[in-house]
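Have a look at the structure below, then the notes.
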Amino acid sequence: MIQFEQVSKIYPGGQKALMDVNFHLRQGEMAFLTGHSGAGKSTLLKLITVIERATAGKVSINGHNIANVGPKHVPYLRRNIGMIFQNHHLLMDKSVFDNIALPLVIEGFSHGEIRKRVAGALDMVGLYGKERHLPIMLSGGEQQRVGIARAIVNKPPLLLADEPTGNLDPKLSMDILRLFETFNDSGTSVLIATHDLGLIARMKYRTFTLRQGRMLGGESTDREVMR
Ligand SMILES: Nc1ncnc2c1ncn2[C@@H]1O[C@H](COP(=O)(O)OP(=O)(O)OP(=O)(O)O)[C@@H](O)[C@H]1O
């Protein structure tokens, strides 16, 4: 699904964020990406979504080298990727419904189809009946679930999450992880960047570990995480 071959990212100004990174997230796989603050986790996700471009090496999605995706085609690539952020990036003056509907509006779906899909997404994240609320009226965990509903509403084959449980207590964090598992069970590939080693330890998924921009121990570094 996602393949990095000898990928490096050096930001303008000289900051080396990733160095010679190799990793492969398989089709239909759910995995964690971890590492200390500044290790390069967000940068790795930004290379997949083409928010940033690699300085060297090759990033492929479904076998396509994304260096060949020109600026005009980046929005099409992003339609296939659901992104979830720690601070959810919700539009605070828009209702829960409008926030979740946004990707579908951009894609030009009909009103009827939007209503149906948003209702389905609300149901999946357990927020049915809250569609007219503003985000401010919801708890942190509920706001995070609105962000998740927005990310999955157009059924992308790939879900990327950057610290999705950062502000949540252990019970809510586990609920969010279980939600990701249900998407993964229906075939979505999921990559979750997190500091939360406790959460990782409770799950059985492969873990990729970055340290100072380098991927540790080849592909799977479970022992490193458990130490
Ligand atoms: N736009 C940028 N310009 C210059 N340097 C940057 C930029 N973005 C990130 N960096 C640097 O690249 C390195 C990796 O940052 P990145 O945000 O990828 O780490 P991270 O593992 O996601 O950290 P955190 O867990 O704190 O979010 C850091 O040293 C950071 O300061």
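The chains in the structure tokens are called A, B, ... from first to last as shown; in each chain the residues are counted from 1, and the ligands are counted from 1 in the order shown.
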
Write out as JSON lines a residue-level contact list of chain A versus ligand 1 with cut-off 8 Å: for each qualifying residue the closest pair of atoms and the distance in Å to one decimal, counting only C-alpha atoms and all ligand atoms, rows sorted by chain and residue number upward.
{"residue": "A:Ile10", "atom": "CA", "partner": "ligand 1", "partner_atom_place_in_ligand_line": "5 (N)", "distance": 7.8}
{"residue": "A:Tyr11", "atom": "CA", "partner": "ligand 1", "partner_atom_place_in_ligand_line": "4 (C)", "distance": 4.9}
{"residue": "A:Pro12", "atom": "CA", "partner": "ligand 1", "partner_atom_place_in_ligand_line": "4 (C)", "distance": 6.3}
{"residue": "A:Gly13", "atom": "CA", "partner": "ligand 1", "partner_atom_place_in_ligand_line": "4 (C)", "distance": 6.6}
{"residue": "A:Gly14", "atom": "CA", "partner": "ligand 1", "partner_atom_place_in_ligand_line": "4 (C)", "distance": 7.6}
{"residue": "A:Gln15", "atom": "CA", "partner": "ligand 1", "partner_atom_place_in_ligand_line": "5 (N)", "distance": 5.2}
{"residue": "A:Lys16", "atom": "CA", "partner": "ligand 1", "partner_atom_place_in_ligand_line": "12 (O)", "distance": 6.3}
{"residue": "A:Ala17", "atom": "CA", "partner": "ligand 1", "partner_atom_place_in_ligand_line": "12 (O)", "distance": 4.1}
{"residue": "A:Leu18", "atom": "CA", "partner": "ligand 1", "partner_atom_place_in_ligand_line": "14 (C)", "distance": 7.3}
{"residue": "A:Thr34", "atom": "CA", "partner": "ligand 1", "partner_atom_place_in_ligand_line": "21 (O)", "distance": 7.6}
{"residue": "A:Gly35", "atom": "CA", "partner": "ligand 1", "partner_atom_place_in_ligand_line": "21 (O)", "distance": 6.1}
{"residue": "A:His36", "atom": "CA", "partner": "ligand 1", "partner_atom_place_in_ligand_line": "21 (O)", "distance": 6.0}
{"residue": "A:Ser37", "atom": "CA", "partner": "ligand 1", "partner_atom_place_in_ligand_line": "26 (O)", "distance": 3.5}
{"residue": "A:Gly38", "atom": "CA", "partner": "ligand 1", "partner_atom_place_in_ligand_line": "19 (O)", "distance": 3.4}
{"residue": "A:Ala39", "atom": "CA", "partner": "ligand 1", "partner_atom_place_in_ligand_line": "21 (O)", "distance": 3.8}
{"residue": "A:Gly40", "atom": "CA", "partner": "ligand 1", "partner_atom_place_in_ligand_line": "18 (O)", "distance": 3.2}
{"residue": "A:Lys41", "atom": "CA", "partner": "ligand 1", "partner_atom_place_in_ligand_line": "21 (O)", "distance": 3.8}
{"residue": "A:Ser42", "atom": "CA", "partner": "ligand 1", "partner_atom_place_in_ligand_line": "22 (O)", "distance": 3.6}
{"residue": "A:Thr43", "atom": "CA", "partner": "ligand 1", "partner_atom_place_in_ligand_line": "18 (O)", "distance": 3.6}
{"residue": "A:Leu44", "atom": "CA", "partner": "ligand 1", "partner_atom_place_in_ligand_line": "18 (O)", "distance": 6.5}
{"residue": "A:Asp162", "atom": "CA", "partner": "ligand 1", "partner_atom_place_in_ligand_line": "22 (O)", "distance": 8.0}
{"residue": "A:Glu163", "atom": "CA", "partner": "ligand 1", "partner_atom_place_in_ligand_line": "25 (O)", "distance": 7.9}
{"residue": "A:Ala193", "atom": "CA", "partner": "ligand 1", "partner_atom_place_in_ligand_line": "22 (O)", "distance": 8.0}
{"residue": "A:Thr194", "atom": "CA", "partner": "ligand 1", "partner_atom_place_in_ligand_line": "25 (O)", "distance": 7.4}
{"residue": "A:His195", "atom": "CA", "partner": "ligand 1", "partner_atom_place_in_ligand_line": "25 (O)", "distance": 6.8}
{"residue": "A:Leu210", "atom": "CA", "partner": "ligand 1", "partner_atom_place_in_ligand_line": "21 (O)", "distance": 7.6}
{"residue": "A:Gln212", "atom": "CA", "partner": "ligand 1", "partner_atom_place_in_ligand_line": "14 (C)", "distance": 7.7}
{"residue": "A:Gly213", "atom": "CA", "partner": "ligand 1", "partner_atom_place_in_ligand_line": "14 (C)", "distance": 6.9}

| Shell around range 103-117 of chain A at 8 Å using only C-alpha atoms, local window under 3 positions removed, as number ranges by chain | A: 100, 120-121, 150, 153-154

| message | Under the rule that only C-alpha atoms are counted, which of A:Ile152, A:Leu138, A:Met174, A:Val190 is the nearest residue to Gln27 in chain A? | response |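 Checking each candidate against Gln27 in chain A, we get A:Val190 as the closest.
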
| task | Would you return as a PyMOL selection string the members of range 140-199 of chain A that DSSP assigns to alpha helix (DSSP H) on this structure's backbone? | result | chain A and resi 140-152+170-185+197-199

Which residues of range 118-199 of chain A have any atom within 12 Å of an atom in range 59-71 of chain A when counting only C-alpha atoms, and what is the closest pair of atoms for each, with the distance in Å to one decimal? Order the rows by chain and rising number and write it as CSV.
residue,atom,partner,partner_atom,distance
A:Pro157,CA,A:Asn62,CA,10.5
A:Leu158,CA,A:Ile61,CA,9.9
A:Ser189,CA,A:Asn62,CA,11.5

Would you write out those residues with C-alpha atoms, as a CSV table (one decimal), in the first residue's frame?
chain,number,residue,atom,x,y,z
A,157,PRO,CA,-8.7,2.8,1.3
A,158,LEU,CA,-6.1,4.4,3.6
A,189,SER,CA,-5.2,0.2,5.7

| task | Between CA of Leu168 in chain A and CA of Val146 in chain A, measure the distance and give it in Å to one decimal. | result |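 Spanning CA of Leu168 in chain A to CA of Val146 in chain A is a straight-line distance of 14.1 Å.
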
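Atom pair CA of Ile84 in chain A / CA of Arg145 in chain A has a distance of 9.5 Å (rounded to one decimal).
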
| message | When you count only C-alpha atoms, which of these residues is closest to Met1 in chain A: A:Thr209, A:Thr188, A:Asn22, A:Gln86? | response |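 Using only C-alpha atoms, Met1 in chain A sits closest to A:Thr188.
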
| message | Residues near Val21 in chain A, anyone? I mean within 7 Å using only C-alpha atoms, not counting same-chain ones fewer than 3 positions away, as an NGL selection string. | response | :A and (4-8 or 18 or 214-215)

| field | Distance in Å - CA of Ile136 in chain A versus CA of Met92 in chain A | value | 6.7 Å

As an mmCIF file with C-alpha atoms, in the first residue's frame, list the residues of range 99-179 of chain A assigned to strand (DSSP E) by DSSP on the backbone atoms of this structure.
data_model
loop_
_atom_site.group_PDB
_atom_site.id
_atom_site.type_symbol
_atom_site.label_atom_id
_atom_site.label_comp_id
_atom_site.auth_asym_id
_atom_site.auth_seq_id
_atom_site.Cartn_x
_atom_site.Cartn_y
_atom_site.Cartn_z
ATOM 1 C CA LEU A 158 -6.065 4.361 3.563
ATOM 2 C CA LEU A 159 -6.421 6.041 6.955
ATOM 3 C CA LEU A 160 -3.540 8.024 8.506
ATOM 4 C CA ALA A 161 -3.794 9.254 12.097
ATOM 5 C CA ASP A 162 -1.356 11.682 13.744
#

| remark: In terms of only C-alpha atoms, the residue from A:Gln143, A:Asn80, A:Ser95, A:Thr165 at minimal distance from Thr49 in chain A is A:Asn80
